[in-house]
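What follows is one structure encoded as structure tokens, with my remarks underneath.
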Amino acid sequence: MAYWSRYMPMTLGLMRFSLNQLQVYHPPSNGIEVTKVFHETTGVFLGVFLRIKNNDKDWRKRGGPRRVIFWIYGGAYLSGDIEGNLGIAEKYARECNCDVFMAQHRLLPEHDLEDAINDIYDAYHHIVTICLVSPLCIQLLGISSGGGLAVLLMQRLAKEGHYAQKNGMQVIESEEVKLNKMPLGAVLMNPFVDYTEPVGSMKEYQHHDLIVNNSVYEEGIPYLAIKLGCDENRRNSSPVYGNFDGLPPMCIVISEHECCYDQNVLLVNRAREAGVECTFCVWKYMCHVFAILSPFIPEGKMAQDYMCEW
């Protein structure tokens with residue numbers, strides 16, 4: 001679908017359809033258990049827990065702590081859904097031997113960027129305080145714009161400076177909980193983190209990027225400009241220009257020849273300047289989010305294996 005969009009105008013509906021159809025190339029198996037999760041008071045749908053059934057190495061059988069990948073799908077904030085990501089998430093769950101929580105978030109242009117951030121925050125808060133998953137057993141995984149949301153989530157947690165953890169009916173705010181408010185780390189797959197006026201690779205590489213091509217660029221970028229408004233707001237909303245103090249280790253996977261390359265270099269440099277441990281994995285000649293093409297190209301499978309090993 002991304003390839004053919006070079007020859008036809010990309011529309012919002014077509015973009016959403018194409019990302020939903022990732023399930024065709026990554027079909028979920030019958031060997032997974034999917035449980036819907038709702039907010040404890042409002043009843044709002046927060047996402048789903050995905051668990052591999054009949055897994056001999058399951059954490060429940062080992063008696064160890066519950067390990068969870070907190071999955072944030074991408075789609076330029078305009079598209080993407082849980083259904084299209086189920087099969088991909090299953091592969092990571094199997095390879096990492098853990099559960100996956102797939103967070104649901106609202107999309108532009110029907111909603112605002114702040115709505116998506118709040119949805120991700122509420123989902124994370126729920127699995128920590130209600131599902132009682134320790135933050136030290138959570139790894140974030142964000143794809144494209146989902147990578148941006150992952151960084152924004154960590155920056156929000158760092159800004160709050162404390163996190164409450166529920167023990168039965170009593171809320172405890174111990175020093176240990178405050179120190180452990182952050183997830184263990186974050187894997188960012190080709191994160192989209194700069195929402196200012198496009199320059200450099202974001203503007204130039206659309207001509208040969210398979211995923212973020214001219215048609216996708218022309219359809220998607222104007223929405224951010226409309227929603228975020230002036231240059232100052234666009235910069236303030238961009239996670240790459242946020243505060244990185246106190247963030248956990250990050251693994252960033254990117255292609256040197258894709259649209260988000262320049263902003264990812266800036267992301268790594270700013271994070272490292274703040275003392276954040278960053279692993280920066282760069283492939284050549286690959287398109288945006290090439291790891292999701294793992295059924296077709298060896299580089300995609302290599303990137304997937306690397307992220308799981310990290």
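Residue numbers start at 1 in each chain; chains themselves are named A, B, ... in the order of the structure tokens; ligands are numbered from 1 in the order shown.
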
Which residues, written as a PyMOL selection string, have at least one atom at most 12 Å from Ile254 in chain A, with only C-alpha atoms counted and residues fewer than 4 positions away on the same chain left out? chain A and resi 143-144+147+187-192+258-265+267-268+279-291+299-300+303-304+307

So that I can check the secondary structure, give me every residue of range 42-234 of chain A assigned alpha helix (DSSP H) by backbone DSSP, as a PyMOL selection string. chain A and resi 59-62+82-96+113-129+145-160+175-179+201-204+214-228+231-234

Among listed residues A:Leu46, A:Gln139, A:Leu14, A:His257, nearest His208 in chain A (using only C-alpha atoms):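 Nearest to His208 in chain A: A:His257.
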
Residue neighbourhood Glu90 in chain A, 9 Å, only C-alpha atoms, exclusion window fewer than 2 positions, as an NGL selection string: :A and (26 or 28-29 or 32 or 50-52 or 85-88 or 92-95 or 99-100)

Save out the residues we just selected, N, CA, C and O atoms, as a CSV table (one decimal), in the first residue's frame.
```csv
chain,number,residue,atom,x,y,z
A,26,HIS,N,1.6,-9.9,9.2
A,26,HIS,CA,2.0,-10.4,10.5
A,26,HIS,C,0.7,-10.9,11.2
A,26,HIS,O,0.2,-10.4,12.1
A,28,PRO,N,-1.7,-12.7,13.6
A,28,PRO,CA,-1.6,-13.3,14.9
A,28,PRO,C,-2.1,-14.7,14.9
A,28,PRO,O,-2.9,-15.1,14.1
A,29,SER,N,-1.4,-15.5,15.8
A,29,SER,CA,-1.8,-16.9,15.8
A,29,SER,C,-2.9,-17.2,16.8
A,29,SER,O,-3.4,-16.3,17.5
A,32,ILE,N,-2.3,-17.1,21.2
A,32,ILE,CA,-2.2,-15.9,22.1
A,32,ILE,C,-3.5,-15.7,22.8
A,32,ILE,O,-4.6,-16.0,22.3
A,50,LEU,N,-1.6,-8.9,25.9
A,50,LEU,CA,-1.3,-10.0,25.0
A,50,LEU,C,-0.4,-11.0,25.7
A,50,LEU,O,0.7,-10.6,26.2
A,51,ARG,N,-0.8,-12.3,25.8
A,51,ARG,CA,0.0,-13.3,26.5
A,51,ARG,C,0.1,-14.5,25.6
A,51,ARG,O,-0.9,-14.9,25.0
A,52,ILE,N,1.3,-15.1,25.5
A,52,ILE,CA,1.4,-16.4,24.7
A,52,ILE,C,0.9,-17.5,25.6
A,52,ILE,O,1.3,-17.7,26.7
A,85,ASN,N,-1.4,-4.3,14.8
A,85,ASN,CA,-0.2,-4.5,15.5
A,85,ASN,C,-0.1,-5.8,16.3
A,85,ASN,O,1.0,-6.2,16.8
A,86,LEU,N,-1.2,-6.5,16.4
A,86,LEU,CA,-1.3,-7.7,17.2
A,86,LEU,C,-0.2,-8.8,16.8
A,86,LEU,O,0.5,-9.3,17.6
A,87,GLY,N,-0.2,-9.1,15.5
A,87,GLY,CA,0.7,-10.1,15.0
A,87,GLY,C,2.2,-9.7,15.2
A,87,GLY,O,3.0,-10.6,15.6
A,88,ILE,N,2.5,-8.5,15.0
A,88,ILE,CA,3.9,-8.0,15.2
A,88,ILE,C,4.2,-8.1,16.7
A,88,ILE,O,5.3,-8.6,17.0
A,92,TYR,N,7.4,-10.3,19.1
A,92,TYR,CA,8.2,-9.7,20.1
A,92,TYR,C,8.0,-10.4,21.4
A,92,TYR,O,8.9,-10.6,22.2
A,93,ALA,N,6.7,-10.7,21.7
A,93,ALA,CA,6.4,-11.3,23.0
A,93,ALA,C,7.1,-12.7,23.1
A,93,ALA,O,7.6,-13.1,24.1
A,94,ARG,N,7.0,-13.4,22.0
A,94,ARG,CA,7.6,-14.8,21.9
A,94,ARG,C,9.1,-14.7,22.0
A,94,ARG,O,9.8,-15.5,22.8
A,95,GLU,N,9.7,-13.8,21.3
A,95,GLU,CA,11.2,-13.7,21.3
A,95,GLU,C,11.7,-13.2,22.6
A,95,GLU,O,12.8,-13.6,23.1
A,99,ASP,N,4.9,-10.7,28.5
A,99,ASP,CA,3.6,-10.2,28.0
A,99,ASP,C,3.8,-8.9,27.3
A,99,ASP,O,4.8,-8.2,27.4
A,100,VAL,N,2.8,-8.5,26.6
A,100,VAL,CA,2.7,-7.2,25.9
A,100,VAL,C,1.4,-6.5,26.3
A,100,VAL,O,0.4,-7.1,26.2
```

With only C-alpha atoms as the counted atoms, please give the residues lying no more than 9 Å from range 241-244 of chain A, apart from itself and same-chain residues fewer than 3 positions off, as a ChimeraX atom specification. /A:151-152,154-155,158-159,193-194,235-238,247,266-267,270-276

Residues within 9 Å of Ser18 in chain A, please, as an NGL selection string. Count only C-alpha atoms; anything in the same chain fewer than 2 positions from it doesn't count. :A and (1-2 or 13-16 or 20-22 or 80 or 84)

Quick one: everything within 9 Å of Gln104 in chain A, counting only C-alpha atoms, minus sequence neighbours fewer than 5 positions away in the same chain. Send it as a PyMOL selection string. chain A and resi 45-48+72-73+81-82+116+119-120+123

Could you write those residues out with C-alpha atoms, as a PDB file, in the first residue's frame?
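Dumped everything to out21.pdb:
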```
ATOM      1  CA  PHE A  45     -10.866   1.323  26.895  1.00  0.00           C
ATOM      2  CA  LEU A  46      -7.116   1.558  27.632  1.00  0.00           C
ATOM      3  CA  GLY A  47      -5.690  -1.269  25.547  1.00  0.00           C
ATOM      4  CA  VAL A  48      -5.107  -5.018  25.620  1.00  0.00           C
ATOM      5  CA  ILE A  72       2.791   2.109  21.447  1.00  0.00           C
ATOM      6  CA  TYR A  73       1.829   1.814  17.783  1.00  0.00           C
ATOM      7  CA  ASP A  81      -4.412   0.612  15.696  1.00  0.00           C
ATOM      8  CA  ILE A  82      -4.094  -2.367  18.019  1.00  0.00           C
ATOM      9  CA  ALA A 116      -2.908  10.889  22.671  1.00  0.00           C
ATOM     10  CA  ASP A 119      -4.226   8.168  26.796  1.00  0.00           C
ATOM     11  CA  ILE A 120      -0.733   6.682  26.933  1.00  0.00           C
ATOM     12  CA  ALA A 123      -2.704   3.313  30.325  1.00  0.00           C
TER      13      ALA A 123
END
```

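Taking CA of Val240 in chain A and CA of Tyr195 in chain A as endpoints, the distance between them is 8.9 Å.
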
Check the DSSP output for the backbone and give back, as an NGL selection string, the residues of range 201-302 of chain A in strand (DSSP E or B). :A and (250-255 or 278-283)

With C-alpha atoms kept, could you save the residues just selected as a short mmCIF file (atom, residue, chain, number, x, y, z; two decimals), in the first residue's frame?
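Generated file (selection_24.cif):
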```
data_model
loop_
_atom_site.label_atom_id
_atom_site.label_comp_id
_atom_site.auth_asym_id
_atom_site.auth_seq_id
_atom_site.Cartn_x
_atom_site.Cartn_y
_atom_site.Cartn_z
CA MET A 250 17.01 3.98 25.32
CA CYS A 251 17.67 1.91 22.22
CA ILE A 252 17.02 3.82 18.97
CA VAL A 253 16.83 1.90 15.70
CA ILE A 254 16.96 3.98 12.53
CA SER A 255 18.01 4.00 8.87
CA CYS A 278 21.60 5.56 24.46
CA THR A 279 22.21 2.68 22.09
CA PHE A 280 22.01 4.03 18.53
CA CYS A 281 21.62 1.37 15.84
CA VAL A 282 21.86 2.66 12.27
CA TRP A 283 21.21 0.67 9.12
#
```

Calculated over only C-alpha atoms, which of the candidates A:Leu12, A:Val34, A:Ala76, A:Leu153 has the smallest distance to Tyr124 in chain A?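 Of the candidates, the smallest distance to Tyr124 in chain A is held by A:Leu153.
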